[in-house]
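**Student:** Below you'll find work13.txt; it's compact mmCIF, N, CA and C atoms.
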```
# COMPACT_ATOMS: atom_id res chain seq x y z
N ASP A 11 75.67 95.57 93.51
CA ASP A 11 75.57 94.96 94.82
C ASP A 11 76.81 94.10 95.06
N ASP A 12 77.75 94.60 95.88
CA ASP A 12 78.96 93.85 96.18
C ASP A 12 78.66 92.70 97.13
N GLU A 13 79.25 91.56 96.85
CA GLU A 13 79.16 90.45 97.79
C GLU A 13 80.18 90.67 98.89
N TYR A 14 79.88 90.18 100.07
CA TYR A 14 80.81 90.29 101.17
C TYR A 14 81.82 89.16 101.12
N ILE A 15 83.08 89.49 101.35
CA ILE A 15 84.11 88.47 101.44
C ILE A 15 83.95 87.71 102.75
N PHE A 16 83.75 88.43 103.82
CA PHE A 16 83.39 87.80 105.09
C PHE A 16 82.56 88.78 105.89
N GLU A 17 81.78 88.25 106.78
CA GLU A 17 80.93 89.06 107.65
C GLU A 17 81.15 88.60 109.08
N ASP A 18 81.16 89.52 109.99
CA ASP A 18 81.14 89.18 111.40
C ASP A 18 80.49 90.32 112.15
N TYR A 19 80.60 90.29 113.47
CA TYR A 19 79.88 91.28 114.27
C TYR A 19 80.41 92.69 114.11
N LEU A 20 81.64 92.87 113.60
CA LEU A 20 82.18 94.22 113.49
C LEU A 20 82.13 94.82 112.10
N VAL A 21 82.48 94.04 111.10
CA VAL A 21 82.67 94.66 109.79
C VAL A 21 82.27 93.69 108.66
N ASN A 22 81.70 94.26 107.63
CA ASN A 22 81.43 93.53 106.39
C ASN A 22 82.47 93.99 105.38
N VAL A 23 83.22 93.08 104.82
CA VAL A 23 84.30 93.42 103.91
C VAL A 23 83.90 93.08 102.48
N THR A 24 83.84 94.09 101.65
CA THR A 24 83.51 93.90 100.24
C THR A 24 84.79 93.70 99.44
N PRO A 25 84.69 93.22 98.21
CA PRO A 25 85.88 93.11 97.37
C PRO A 25 86.59 94.46 97.19
N TRP A 26 85.82 95.55 97.12
CA TRP A 26 86.44 96.88 96.98
C TRP A 26 87.28 97.19 98.22
N ASP A 27 86.72 96.93 99.40
CA ASP A 27 87.45 97.15 100.65
C ASP A 27 88.76 96.36 100.63
N GLN A 28 88.68 95.11 100.25
CA GLN A 28 89.84 94.23 100.23
C GLN A 28 90.91 94.76 99.28
N ARG A 29 90.52 95.15 98.06
CA ARG A 29 91.48 95.69 97.08
C ARG A 29 92.11 96.96 97.60
N PHE A 30 91.32 97.84 98.22
CA PHE A 30 91.85 99.09 98.74
C PHE A 30 92.89 98.83 99.82
N MET A 31 92.59 97.96 100.76
CA MET A 31 93.52 97.68 101.84
C MET A 31 94.80 97.04 101.31
N GLU A 32 94.68 96.18 100.32
CA GLU A 32 95.85 95.54 99.73
C GLU A 32 96.70 96.51 98.94
N SER A 33 96.13 97.62 98.49
CA SER A 33 96.87 98.60 97.70
C SER A 33 97.74 99.51 98.57
N LEU A 34 97.49 99.54 99.88
CA LEU A 34 98.24 100.41 100.78
C LEU A 34 99.58 99.79 101.15
N ASP A 35 100.61 100.63 101.22
CA ASP A 35 101.87 100.13 101.74
C ASP A 35 101.77 100.06 103.26
N LEU A 36 102.71 99.38 103.88
CA LEU A 36 102.64 99.13 105.32
C LEU A 36 102.61 100.43 106.11
N SER A 37 103.41 101.39 105.73
CA SER A 37 103.46 102.67 106.44
C SER A 37 102.10 103.37 106.42
N SER A 38 101.46 103.40 105.26
CA SER A 38 100.14 104.02 105.14
C SER A 38 99.09 103.25 105.94
N LEU A 39 99.20 101.95 105.93
CA LEU A 39 98.27 101.11 106.67
C LEU A 39 98.39 101.35 108.17
N ILE A 40 99.60 101.49 108.65
CA ILE A 40 99.81 101.77 110.08
C ILE A 40 99.27 103.14 110.44
N GLU A 41 99.50 104.13 109.60
CA GLU A 41 98.97 105.47 109.86
C GLU A 41 97.44 105.48 109.85
N MET A 42 96.83 104.73 108.94
CA MET A 42 95.38 104.65 108.90
C MET A 42 94.84 103.95 110.14
N THR A 43 95.58 102.96 110.63
CA THR A 43 95.19 102.27 111.85
C THR A 43 95.19 103.24 113.03
N LYS A 44 96.25 104.02 113.14
CA LYS A 44 96.33 105.01 114.22
C LYS A 44 95.20 106.03 114.13
N ALA A 45 94.94 106.50 112.92
CA ALA A 45 93.88 107.51 112.72
C ALA A 45 92.51 106.95 113.05
N SER A 46 92.24 105.73 112.62
CA SER A 46 90.92 105.14 112.89
C SER A 46 90.73 104.89 114.39
N ASN A 47 91.82 104.59 115.08
CA ASN A 47 91.74 104.43 116.53
C ASN A 47 91.49 105.78 117.19
N TYR A 48 92.25 106.79 116.80
CA TYR A 48 92.11 108.14 117.38
C TYR A 48 90.71 108.72 117.13
N LEU A 49 90.20 108.50 115.91
CA LEU A 49 88.89 109.03 115.54
C LEU A 49 87.74 108.13 115.95
N ASN A 50 88.07 107.01 116.59
CA ASN A 50 87.07 106.06 117.08
C ASN A 50 86.15 105.56 115.97
N ILE A 51 86.76 104.97 114.95
CA ILE A 51 86.03 104.37 113.83
C ILE A 51 86.30 102.86 113.89
N PRO A 52 85.51 102.14 114.69
CA PRO A 52 85.82 100.73 114.95
C PRO A 52 85.84 99.84 113.72
N ASN A 53 84.97 100.07 112.76
CA ASN A 53 84.96 99.21 111.56
C ASN A 53 86.25 99.35 110.77
N LEU A 54 86.71 100.59 110.61
CA LEU A 54 87.96 100.82 109.88
C LEU A 54 89.15 100.28 110.68
N LEU A 55 89.13 100.46 111.98
CA LEU A 55 90.21 99.95 112.82
C LEU A 55 90.29 98.43 112.70
N ASP A 56 89.16 97.76 112.74
CA ASP A 56 89.13 96.31 112.60
C ASP A 56 89.68 95.88 111.24
N LEU A 57 89.28 96.56 110.20
CA LEU A 57 89.75 96.24 108.85
C LEU A 57 91.26 96.45 108.74
N CYS A 58 91.77 97.53 109.31
CA CYS A 58 93.21 97.79 109.28
C CYS A 58 93.98 96.71 110.04
N CYS A 59 93.49 96.37 111.22
CA CYS A 59 94.17 95.35 112.02
C CYS A 59 94.17 94.00 111.32
N ARG A 60 93.07 93.67 110.68
CA ARG A 60 93.00 92.43 109.91
C ARG A 60 94.02 92.44 108.77
N SER A 61 94.16 93.58 108.11
CA SER A 61 95.10 93.69 106.99
C SER A 61 96.54 93.56 107.46
N ILE A 62 96.86 94.15 108.59
CA ILE A 62 98.21 94.02 109.14
C ILE A 62 98.46 92.57 109.56
N ALA A 63 97.49 91.95 110.21
CA ALA A 63 97.63 90.56 110.63
C ALA A 63 97.84 89.65 109.42
N LYS A 64 97.13 89.95 108.34
CA LYS A 64 97.26 89.15 107.11
C LYS A 64 98.69 89.24 106.57
N GLN A 65 99.30 90.44 106.66
CA GLN A 65 100.67 90.61 106.19
C GLN A 65 101.67 89.88 107.08
N MET A 66 101.32 89.65 108.34
CA MET A 66 102.21 88.98 109.28
C MET A 66 102.13 87.46 109.16
N THR A 67 101.03 86.96 108.65
CA THR A 67 100.79 85.53 108.61
C THR A 67 101.86 84.81 107.79
N GLY A 68 102.43 83.78 108.40
CA GLY A 68 103.39 82.94 107.70
C GLY A 68 104.82 83.44 107.73
N LEU A 69 105.06 84.61 108.31
CA LEU A 69 106.42 85.15 108.35
C LEU A 69 107.17 84.58 109.56
N LYS A 70 108.45 84.35 109.35
CA LYS A 70 109.30 83.90 110.45
C LYS A 70 109.71 85.11 111.28
N THR A 71 110.26 84.85 112.44
CA THR A 71 110.62 85.92 113.38
C THR A 71 111.53 86.96 112.73
N ASP A 72 112.55 86.52 112.04
CA ASP A 72 113.48 87.46 111.39
C ASP A 72 112.79 88.28 110.32
N GLU A 73 111.88 87.65 109.58
CA GLU A 73 111.14 88.37 108.54
C GLU A 73 110.22 89.42 109.15
N LEU A 74 109.59 89.08 110.28
CA LEU A 74 108.73 90.05 110.97
C LEU A 74 109.54 91.25 111.47
N ARG A 75 110.69 90.96 112.05
CA ARG A 75 111.56 92.05 112.54
C ARG A 75 111.95 92.99 111.41
N LYS A 76 112.29 92.42 110.28
CA LYS A 76 112.71 93.23 109.14
C LYS A 76 111.53 94.04 108.58
N LYS A 77 110.39 93.40 108.40
CA LYS A 77 109.23 94.05 107.81
C LYS A 77 108.72 95.21 108.67
N PHE A 78 108.72 95.01 110.00
CA PHE A 78 108.17 96.02 110.91
C PHE A 78 109.26 96.83 111.60
N ASN A 79 110.51 96.67 111.13
CA ASN A 79 111.63 97.44 111.65
C ASN A 79 111.75 97.32 113.16
N LEU A 80 111.75 96.09 113.66
CA LEU A 80 111.84 95.83 115.09
C LEU A 80 113.25 95.35 115.44
N THR A 81 113.74 95.81 116.59
CA THR A 81 115.03 95.34 117.04
C THR A 81 114.87 94.09 117.88
N ASN A 82 115.91 93.32 117.97
CA ASN A 82 115.88 92.08 118.72
C ASN A 82 115.87 92.37 120.21
```
Take the structure in the file and give it back as structure tokens.

**Tutor:**
Amino acid sequence: DDEYIFEDYLVNVTPWDQRFMESLDLSSLIEMTKASNYLNIPNLLDLCCRSIAKQMTGLKTDELRKKFNLTN
């Protein structure tokens, strides 16, 4: 019986879910986000978006541009 890391109205995140999302590289995570949106899987989409947001937290503008390959 896995304990939930957090619970809300959309998704319950288990430690396994958290480890899996952290094991993905950014490119794979973005592709999974697109697929979950296209296939209309809201729980997975929410989990993917949370994981991307977590990777963005604390980064400065230049670091974000570099990480996500964004032009100025």

**Student:** Using only C-alpha atoms and a cutoff of 12 Å, can you tell me which residues are near (92.4, 94.6, 103.3) in the file's coordinates, and write them out as a count of residues only?

**Tutor:** 33

**Student:** List every residue of chain A that DSSP, applied to the backbone of this structure, places in strand (DSSP E or B), and write the result as a PyMOL selection string.

**Tutor:** chain A and resi 16-17+22-23

**Student:** Quick check, in Å to one decimal: how far apart do CA of Asn50 (chain A) and CA of Leu74 (chain A) lie?

**Tutor:**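 Value for the CA of Asn50 (chain A)-CA of Leu74 (chain A) distance: 27.6 Å.
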
**Student:** Could you jot down the atom N of Leu80 (chain A) to atom C of Asn47 (chain A) separation for me, Å, one decimal place?

**Tutor:**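 Distance between the two atoms: 22.7 Å.
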
**Student:** Interatomic distance between CA of Lys76 (chain A) and CA of Tyr48 (chain A)?

**Tutor:**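 Taking CA of Lys76 (chain A) and CA of Tyr48 (chain A), their separation equals 26.7 Å.
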
**Student:** Tell me, which residues of chain A carry DSSP helix (DSSP H, G or I), written as a PyMOL selection string?

**Tutor:** chain A and resi 25-33+36-48+52-66+71-77
